[in-house]
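Asks: I'd like to ask some things about the structure below.
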Amino acid sequence: MTVAAGIGYTLLALGPSLSLFIAVIAKKPFLILTLLSSTLVWLISLIVLSGLWRAFLPFKTGSLWPCTLIILTSVAFQEALRPLFWKIYKLEDILDAFADRVSKPRLFITDKMQIALAGGMGHGVAHAVFFCLSLLTPAFGPGTYYVEKCSQMSFFLVSAVIALAFVTIHTLSMVIAFNGYAEGNKVDQYFVPAVHLIAAMLTLVNLAQGGCIIGIPLLYIMALLTMGHCGKMVWRRLTEIRSRQGSSF
Amino acid sequence: MLMDTHAYGSSTFQGKLVVQVDPSREKVVAPIVRYKSADELLKSAAVLVSIDEFEILLSRLSKDLDFAGKVAGILVESRTEVSNGLKGFSPDGKFPQAEFAPYQSNNFTWNPPGSGIMWKAYNFPVFLLSRTSTLILQEVVMKNEKTKKSNTENVAEFNVVMQTTKSGTHDSDSCLKEETCLPLGGYSVWSALPPINISSSQKSKPVIVTMTSMDSASFFRDKSLGADSPISGLITLLAAVDALSYLDGLDELNKQLVFVVLTGESWGYLGTRRFVLEADQHSDSVRGLDFAMIETVMEIGSVGKGLSNGVKTFYSHTSGDTLATNETFQALLRAQDSLKTESIKISMASTSNPGVPPSSLMTFLRKKSQISGVVLEDFDTSFTNKFYHSHLDDLSNVNSSAIVTAASLVARTLYLLANDQNASAINAINVNASLVEELLGCLLNCKPGSSCELMKHYISPSATCPSHYVGVILGEPSSVPYPAYVSDVSRFVWNFLASKTSIFSRNITSACPNDCNGVGELCIREEADGKGICVISTTRYVPAYSTRLKYESGSWTVLPYNSSEEMSAADPVWTESNWDTISLRVYKVQNTAYDGLILLSGIVVTVLTYLLILITRAFIRKALKWD
């Protein structure tokens, strides 16, 4: 499909991440480090999972029960890692202590959210690179490829679109989750794993003939849901702080 | 191949799919359509055609130039098991290589199905598909026909770049000068049974020459099996030599038996003409063989189809001195009689034939008209082989029992001729039928192919699937060529004949080639084991290439027409272009508008996200400053 199409697919999957990187993350080195370490942690989790699952290979690709099991265990593992990741990033306490010592302002709520955003984006970018970008190399050549079960869109388009949805979900989930752990808000804490699990299970719909026509819109509904919930949560926190500031005067 | 007079890029090469011609300088990509005789092509296309309609398509292309201009390439399906409807297919002419005949009747039809398509010029590639590729492409074409309006289509990409086309050298003379091509040729093998003692003071015996050829040609270079024509003859000769080698008292025979296996015969009788020229020049490669002592020549032609209604039928086509040829025919009849258990019928060929059929003997006679000769064939007035010089002349086209019988006949006939018709030991001559079966498997089948036990006993083959295309001459032609420059079949024949006609030179088999330099000594089976066996044998390679070529200081030159050499005017001086890789790929493409749309949507998504982030950030800042 030529270089033009290849670049198009790459931008579809990773363009928004690129925009986010340029607009927010590139300005603060600490965020870049957070992004990279979060990417690494996510990749390591995948390697561990693949090591565990190696013992059960091979099985027929596209068979429902094994795929379901893999998705369940993978999501469970990654969600278990999330609070651990947060505990490590309680080094925001360390940052606060450091700030006190040098008489600089402490981390503001938006700073903490940005750290969470960078962490989430790390997960999302790793997902996109692993599950979409690595498959895109043939897209830069002269040919294209259509999967039998989804004959409406080329395989590369489907990969890119799904990757975009997951990038959104992962990026915003981390913000919600960190906030949930910080506040002790159970709704937020359970929202994130639930959304991750449902989104992952929705990809199983693509196994059916023509399933991608239903599966992909549903996936985007989950992404929009995450976006909405995140926005609501951020608005709530900001108004809380404003009212606290207001009441302290 | 390029001819001397005009070019037609019939360039061929190694590869599973084979191409006939291509003058393109770069890759050619075109959508695939099936050939239907009424169809008009709207734009450039790769045409998928079955073998039944192939000749019709090609003849339409030569008449309808508008149609021809839109053909980017042709894909020929392989024959399916069920298509017994194909009566005959032969891309060679109706009288193959008529210009080399020693008689005038150029319109005698030896090859009725002959269409002559392999000698015409085409300026697009033609690929022969394997069975699996045929099925895949048939499916692809069906899909192409269904989804005519969508934004994707299946295309074929032909990557066939010939150096002669790229450099603009369109005939043999110029391409040899520019070194963008190499001349066709190979190495013929001759062997004497028993070995000739050159230094002996004994009067040399009269010689009986038995010859055959080992190369074939077809429209598709890598599918030139030539099972009936001429490999059945080659196997017959090898089996006959094997049978005769077990005879006692070969030294006491009154005549010397010599066996010659020629190559390059399909491309202007390169083997025969060069052989005769080297003999005239008394060169090293024919040392020991005195042409003046040749009494008679027996050529083994196509014998693989000599089975009709359970009776093995062969014909003897003769030329020359009737006394000598009569003697040969009598010997053949006596040999037939001695094989009591089989039903065999040998006849003289019809007198209405203008002369001998297309064969090496034909050319031999033009050079040495005084020699009498016989060609043993399985046909009388026209070829029984309906697939002469085509890719369909394969193992299923020959019958092993016919070959075994032919070999028995030849071996016993040679014994009778060499022993002045004395039949004392005739029943000791028996052809090994399992050897014939093995040779059929080695030379005409991919499994086991060249990696069969028999061939690996003598050589280490370079390829498994056999192909009997003559190939090009690499390096300097010589009687002791570098083994890597000699084809698998030539090396096998040399080692086989040397082994069968040999006398062990010493009691202890010492490793050669170090210790094997005595007179008449040869090192055989050198590649097979790493160390060879030193024997006494008269087996030599004779280069086979056009008599109009000369190799001088690293390059080839075409000599001008030599009016004293009769056949040089007819010699086309075939060459093969140099080539890099040849490939055919089939894949789906999207149209460029769709590609552009994808790129645009990617950019839009990126930019929109950026704007969204900026708006969100401004919103949050504003919200935080609301005090």
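Residues are referred to by chain and number: the chain letter is A, B, ... according to the order shown in the structure tokens, the number counts from 1 in that chain, and ligands are numbered separately from 1 in the order shown.
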With 9 Å as the limit and counting only C-alpha atoms, what residues in chain A lie close to chain B? Please list them as an MDAnalysis selection string.

Replies: chainID A and resid 1:20 22:24 110 142:146 157 235 238:239 241:242 245:246

Asks: Extract the full set of strand (DSSP E or B) residues from region 77-250 of chain B according to DSSP on the backbone, and format it as a ChimeraX atom specification.

Replies: /B:90,114,126-128,152-162,181-193,207-213

Asks: Just write the chosen residues, C-alpha atoms, as a PDB file, in the first residue's frame.

Replies:
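The resulting file, again39.pdb, is shown below:
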```
ATOM      1  CA  SER B  90       4.460 -29.302 -29.146  1.00  0.00           C
ATOM      2  CA  GLY B 114       4.065 -28.841 -33.848  1.00  0.00           C
ATOM      3  CA  VAL B 126       5.412 -16.135 -19.782  1.00  0.00           C
ATOM      4  CA  PHE B 127       5.384 -18.145 -16.571  1.00  0.00           C
ATOM      5  CA  LEU B 128       4.457 -21.796 -16.151  1.00  0.00           C
ATOM      6  CA  THR B 152      -8.649  -3.319  -4.173  1.00  0.00           C
ATOM      7  CA  GLU B 153      -7.536  -5.722  -6.857  1.00  0.00           C
ATOM      8  CA  ASN B 154      -5.153  -8.663  -7.140  1.00  0.00           C
ATOM      9  CA  VAL B 155      -2.113  -8.056  -9.274  1.00  0.00           C
ATOM     10  CA  ALA B 156       0.831 -10.012 -10.549  1.00  0.00           C
ATOM     11  CA  GLU B 157       4.294  -8.508 -10.312  1.00  0.00           C
ATOM     12  CA  PHE B 158       6.771  -9.831 -12.857  1.00  0.00           C
ATOM     13  CA  ASN B 159      10.360  -9.263 -11.898  1.00  0.00           C
ATOM     14  CA  VAL B 160      12.235 -10.426 -14.961  1.00  0.00           C
ATOM     15  CA  VAL B 161      15.112  -8.241 -15.959  1.00  0.00           C
ATOM     16  CA  MET B 162      17.452  -9.437 -18.654  1.00  0.00           C
ATOM     17  CA  CYS B 181      25.214 -13.052 -22.369  1.00  0.00           C
ATOM     18  CA  LEU B 182      26.813 -16.477 -22.704  1.00  0.00           C
ATOM     19  CA  PRO B 183      26.613 -19.013 -25.513  1.00  0.00           C
ATOM     20  CA  LEU B 184      24.559 -22.164 -25.156  1.00  0.00           C
ATOM     21  CA  GLY B 185      26.532 -25.341 -24.820  1.00  0.00           C
ATOM     22  CA  GLY B 186      27.766 -28.044 -22.521  1.00  0.00           C
ATOM     23  CA  TYR B 187      29.913 -31.126 -22.435  1.00  0.00           C
ATOM     24  CA  SER B 188      29.254 -34.263 -24.453  1.00  0.00           C
ATOM     25  CA  VAL B 189      30.790 -37.511 -23.228  1.00  0.00           C
ATOM     26  CA  TRP B 190      32.274 -40.396 -25.190  1.00  0.00           C
ATOM     27  CA  SER B 191      33.576 -43.695 -23.902  1.00  0.00           C
ATOM     28  CA  ALA B 192      35.149 -46.817 -25.397  1.00  0.00           C
ATOM     29  CA  LEU B 193      34.352 -50.382 -24.393  1.00  0.00           C
ATOM     30  CA  VAL B 207      34.720 -48.822 -34.778  1.00  0.00           C
ATOM     31  CA  ILE B 208      31.003 -49.084 -34.128  1.00  0.00           C
ATOM     32  CA  VAL B 209      29.632 -45.859 -32.673  1.00  0.00           C
ATOM     33  CA  THR B 210      26.438 -45.840 -30.616  1.00  0.00           C
ATOM     34  CA  MET B 211      25.138 -42.405 -29.872  1.00  0.00           C
ATOM     35  CA  THR B 212      22.314 -40.584 -28.191  1.00  0.00           C
ATOM     36  CA  SER B 213      21.695 -37.158 -26.757  1.00  0.00           C
TER      37      SER B 213
END
```

Asks: Counting only C-alpha atoms, which of B:Gly249, B:Pro461, B:Gly93, B:Gly310 gets nearest to Ala425 (chain B)?

Replies: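 Smallest separation from Ala425 (chain B) among the options: B:Gly249.
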
Asks: Go through B:Pro477, B:Pro113, B:Gly233, B:Gly518 one by one, measure the shortest atom-to-atom distance of each to Val261 (chain B) using only C-alpha atoms, and give the residue with the smallest value.

Replies: B:Gly233

Asks: Just the residues within 8 Å of Met227 (chain A), please, counting only C-alpha atoms, with nothing from its chain fewer than 3 positions along; format it as a PDB file with N, CA, C and O atoms, in the first residue's frame.

Replies:
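The new file result.pdb reads:
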```
ATOM      1  N   THR A 168      -6.151   5.291  24.171  1.00  0.00           N
ATOM      2  CA  THR A 168      -7.017   6.211  24.911  1.00  0.00           C
ATOM      3  C   THR A 168      -7.397   5.623  26.269  1.00  0.00           C
ATOM      4  O   THR A 168      -7.278   6.281  27.311  1.00  0.00           O
ATOM      5  N   ILE A 169      -7.846   4.355  26.220  1.00  0.00           N
ATOM      6  CA  ILE A 169      -8.290   3.725  27.457  1.00  0.00           C
ATOM      7  C   ILE A 169      -7.159   3.645  28.480  1.00  0.00           C
ATOM      8  O   ILE A 169      -7.313   4.006  29.643  1.00  0.00           O
ATOM      9  N   LEU A 172      -6.029   7.220  29.919  1.00  0.00           N
ATOM     10  CA  LEU A 172      -6.945   7.850  30.861  1.00  0.00           C
ATOM     11  C   LEU A 172      -7.202   6.984  32.082  1.00  0.00           C
ATOM     12  O   LEU A 172      -7.473   7.490  33.175  1.00  0.00           O
ATOM     13  N   ALA A 223     -14.024   3.502  25.184  1.00  0.00           N
ATOM     14  CA  ALA A 223     -13.016   4.560  25.229  1.00  0.00           C
ATOM     15  C   ALA A 223     -13.660   5.890  25.601  1.00  0.00           C
ATOM     16  O   ALA A 223     -13.151   6.650  26.434  1.00  0.00           O
ATOM     17  N   LEU A 224     -14.803   6.146  24.977  1.00  0.00           N
ATOM     18  CA  LEU A 224     -15.511   7.397  25.276  1.00  0.00           C
ATOM     19  C   LEU A 224     -15.985   7.421  26.723  1.00  0.00           C
ATOM     20  O   LEU A 224     -15.960   8.468  27.393  1.00  0.00           O
ATOM     21  N   CYS A 230     -13.188  10.118  33.242  1.00  0.00           N
ATOM     22  CA  CYS A 230     -11.963  10.827  33.609  1.00  0.00           C
ATOM     23  C   CYS A 230     -12.228  12.327  33.682  1.00  0.00           C
ATOM     24  O   CYS A 230     -11.818  12.999  34.646  1.00  0.00           O
ATOM     25  N   GLY A 231     -12.939  12.832  32.677  1.00  0.00           N
ATOM     26  CA  GLY A 231     -13.242  14.256  32.665  1.00  0.00           C
ATOM     27  C   GLY A 231     -14.068  14.666  33.875  1.00  0.00           C
ATOM     28  O   GLY A 231     -13.778  15.670  34.545  1.00  0.00           O
TER      29      GLY A 231
END
```

Asks: Quick one: everything within 12 Å of region 445-450 of chain B, counting only C-alpha atoms, minus sequence neighbours fewer than 3 positions away in the same chain. Send it as an mmCIF file with C-alpha atoms, in the first residue's frame.

Replies:
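Now in out.cif:
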```
data_model
loop_
_atom_site.group_PDB
_atom_site.id
_atom_site.type_symbol
_atom_site.label_atom_id
_atom_site.label_comp_id
_atom_site.auth_asym_id
_atom_site.auth_seq_id
_atom_site.Cartn_x
_atom_site.Cartn_y
_atom_site.Cartn_z
ATOM 1 C CA LYS B 16 10.626 -22.922 -10.163
ATOM 2 C CA LYS B 223 10.751 -27.770 -17.529
ATOM 3 C CA SER B 224 12.683 -29.408 -20.356
ATOM 4 C CA LEU B 225 12.447 -32.998 -19.196
ATOM 5 C CA GLY B 226 12.401 -34.632 -22.624
ATOM 6 C CA ALA B 227 11.377 -38.000 -21.198
ATOM 7 C CA ASP B 393 7.054 -34.851 -22.164
ATOM 8 C CA ASP B 394 7.481 -36.231 -18.667
ATOM 9 C CA LEU B 395 7.679 -39.559 -16.873
ATOM 10 C CA SER B 396 4.050 -40.396 -17.642
ATOM 11 C CA GLU B 437 13.666 -47.929 -13.195
ATOM 12 C CA GLU B 438 16.249 -46.177 -11.062
ATOM 13 C CA LEU B 439 17.488 -44.078 -13.968
ATOM 14 C CA LEU B 440 13.921 -43.070 -14.780
ATOM 15 C CA GLY B 441 13.454 -41.907 -11.201
ATOM 16 C CA CYS B 442 16.757 -40.058 -11.124
ATOM 17 C CA GLU B 453 21.290 -43.320 -4.647
ATOM 18 C CA LEU B 454 22.573 -44.077 -8.112
ATOM 19 C CA MET B 455 23.588 -40.527 -8.933
ATOM 20 C CA LYS B 456 25.007 -39.849 -5.503
ATOM 21 C CA HIS B 457 27.200 -42.911 -5.948
ATOM 22 C CA TYR B 458 29.042 -41.083 -8.713
ATOM 23 C CA ILE B 459 28.626 -37.348 -8.217
ATOM 24 C CA SER B 460 27.419 -34.800 -5.714
ATOM 25 C CA PRO B 461 24.557 -33.160 -7.595
ATOM 26 C CA SER B 462 23.928 -29.443 -7.460
ATOM 27 C CA ALA B 463 20.140 -29.572 -7.820
ATOM 28 C CA THR B 464 17.472 -32.151 -7.073
ATOM 29 C CA CYS B 465 14.832 -31.608 -9.724
ATOM 30 C CA PRO B 466 16.233 -32.705 -13.078
ATOM 31 C CA SER B 467 16.191 -30.448 -16.070
ATOM 32 C CA HIS B 468 17.735 -31.274 -19.373
ATOM 33 C CA SER B 487 26.135 -30.053 -15.674
ATOM 34 C CA ASP B 488 24.995 -32.780 -13.275
ATOM 35 C CA VAL B 489 23.839 -35.111 -16.044
ATOM 36 C CA ARG B 491 29.172 -35.516 -14.940
ATOM 37 C CA PHE B 492 26.961 -38.446 -14.065
#
```

Asks: Looking at only C-alpha atoms, which of A:Val41, A:Met201, A:Leu57, A:Val48 is the one that sits closest to Leu84 (chain A)?

Replies: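 Among the listed residues, A:Val41 lies closest to Leu84 (chain A).
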
Asks: Would you please give, as a ChimeraX atom specification, all residues of region 168-311 of chain B that DSSP assigns to alpha helix (DSSP H) based on the backbone?

Replies: /B:172-178,232-245,270-280

Asks: Report as a VMD selection string all protein, DNA and RNA residues lying within 8 Å of Arg131 (chain B), evaluated on only C-alpha atoms, omitting residues in the same chain fewer than 4 positions from it.

Replies: chain B and resid 77 to 80 135

Asks: Only N, CA, C and O atoms, please: the residues just picked out, written as a PDB file, in the first residue's frame.

Replies:
```pdb
ATOM      1  N   GLU B  77      -1.404 -22.225 -16.734  1.00  0.00           N
ATOM      2  CA  GLU B  77      -1.757 -23.184 -15.690  1.00  0.00           C
ATOM      3  C   GLU B  77      -1.070 -24.517 -15.962  1.00  0.00           C
ATOM      4  O   GLU B  77      -0.804 -24.858 -17.111  1.00  0.00           O
ATOM      5  N   SER B  78      -0.819 -25.270 -14.892  1.00  0.00           N
ATOM      6  CA  SER B  78      -0.249 -26.594 -15.110  1.00  0.00           C
ATOM      7  C   SER B  78      -1.384 -27.538 -15.485  1.00  0.00           C
ATOM      8  O   SER B  78      -2.537 -27.310 -15.135  1.00  0.00           O
ATOM      9  N   ARG B  79      -1.025 -28.593 -16.179  1.00  0.00           N
ATOM     10  CA  ARG B  79      -2.061 -29.514 -16.639  1.00  0.00           C
ATOM     11  C   ARG B  79      -2.664 -30.227 -15.448  1.00  0.00           C
ATOM     12  O   ARG B  79      -1.955 -30.702 -14.573  1.00  0.00           O
ATOM     13  N   THR B  80      -3.992 -30.320 -15.390  1.00  0.00           N
ATOM     14  CA  THR B  80      -4.626 -31.040 -14.288  1.00  0.00           C
ATOM     15  C   THR B  80      -4.641 -32.524 -14.618  1.00  0.00           C
ATOM     16  O   THR B  80      -4.474 -32.926 -15.761  1.00  0.00           O
ATOM     17  N   LEU B 135      -3.813 -23.434  -8.553  1.00  0.00           N
ATOM     18  CA  LEU B 135      -5.048 -23.386  -7.761  1.00  0.00           C
ATOM     19  C   LEU B 135      -5.220 -22.029  -7.100  1.00  0.00           C
ATOM     20  O   LEU B 135      -6.316 -21.455  -7.103  1.00  0.00           O
TER      21      LEU B 135
END
```

Asks: Which is closest to Asp111 (chain A) among A:Cys212, A:Leu133, A:Ile25, A:Leu46, if we use only C-alpha atoms?

Replies: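 Result for the nearest residue to Asp111 (chain A): A:Ile25.
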
Asks: Nearest residue to Phe220 (chain B) out of B:Val28, B:Ala331, B:Leu65, B:Leu129, using only C-alpha atoms?

Replies: B:Leu129

Asks: If we count only C-alpha atoms and set the cut-off at 12 Å, which residues sit around His196 (chain A), ignoring sequence neighbours fewer than 6 positions away in its own chain? Please answer as a VMD selection string.

Replies: chain A and resid 71 to 72 74 to 79 82 124 165 to 174 177 189 to 190 202 to 203 219 222 to 223 225 to 226

Asks: Write out as a compact mmCIF listing (two decimals) with C-alpha atoms, in the first residue's frame each polymer residue whose atoms come within 12 Å of Leu69 (chain A), counting only C-alpha atoms; drop sequence neighbours fewer than 4 positions from it.

Replies:
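That gives us part-v1.txt:
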```txt
# COMPACT_ATOMS: atom_id res chain seq x y z
CA LEU A 49 2.77 -13.54 30.79
CA TRP A 53 1.59 -19.17 28.69
CA PHE A 56 0.29 -24.24 27.10
CA SER A 63 -10.39 -20.66 19.25
CA LEU A 64 -12.63 -19.03 21.79
CA TRP A 65 -11.85 -20.58 25.17
CA THR A 73 -5.20 -13.81 33.02
CA SER A 74 -3.34 -11.01 31.20
CA VAL A 75 -5.76 -8.32 32.29
CA ALA A 76 -5.75 -9.65 35.86
CA LEU A 197 -11.47 -6.27 31.11
CA ALA A 200 -10.27 -6.70 26.14
CA MET A 201 -13.19 -9.10 25.98
CA LEU A 204 -13.14 -11.38 21.05
```

Asks: Just checking: using only C-alpha atoms, which residue out of B:Thr501, B:Thr322, B:Phe387, B:Pro354 ends up closest to Leu247 (chain B)?

Replies: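 That would be B:Thr501, the residue with the smallest distance to Leu247 (chain B).
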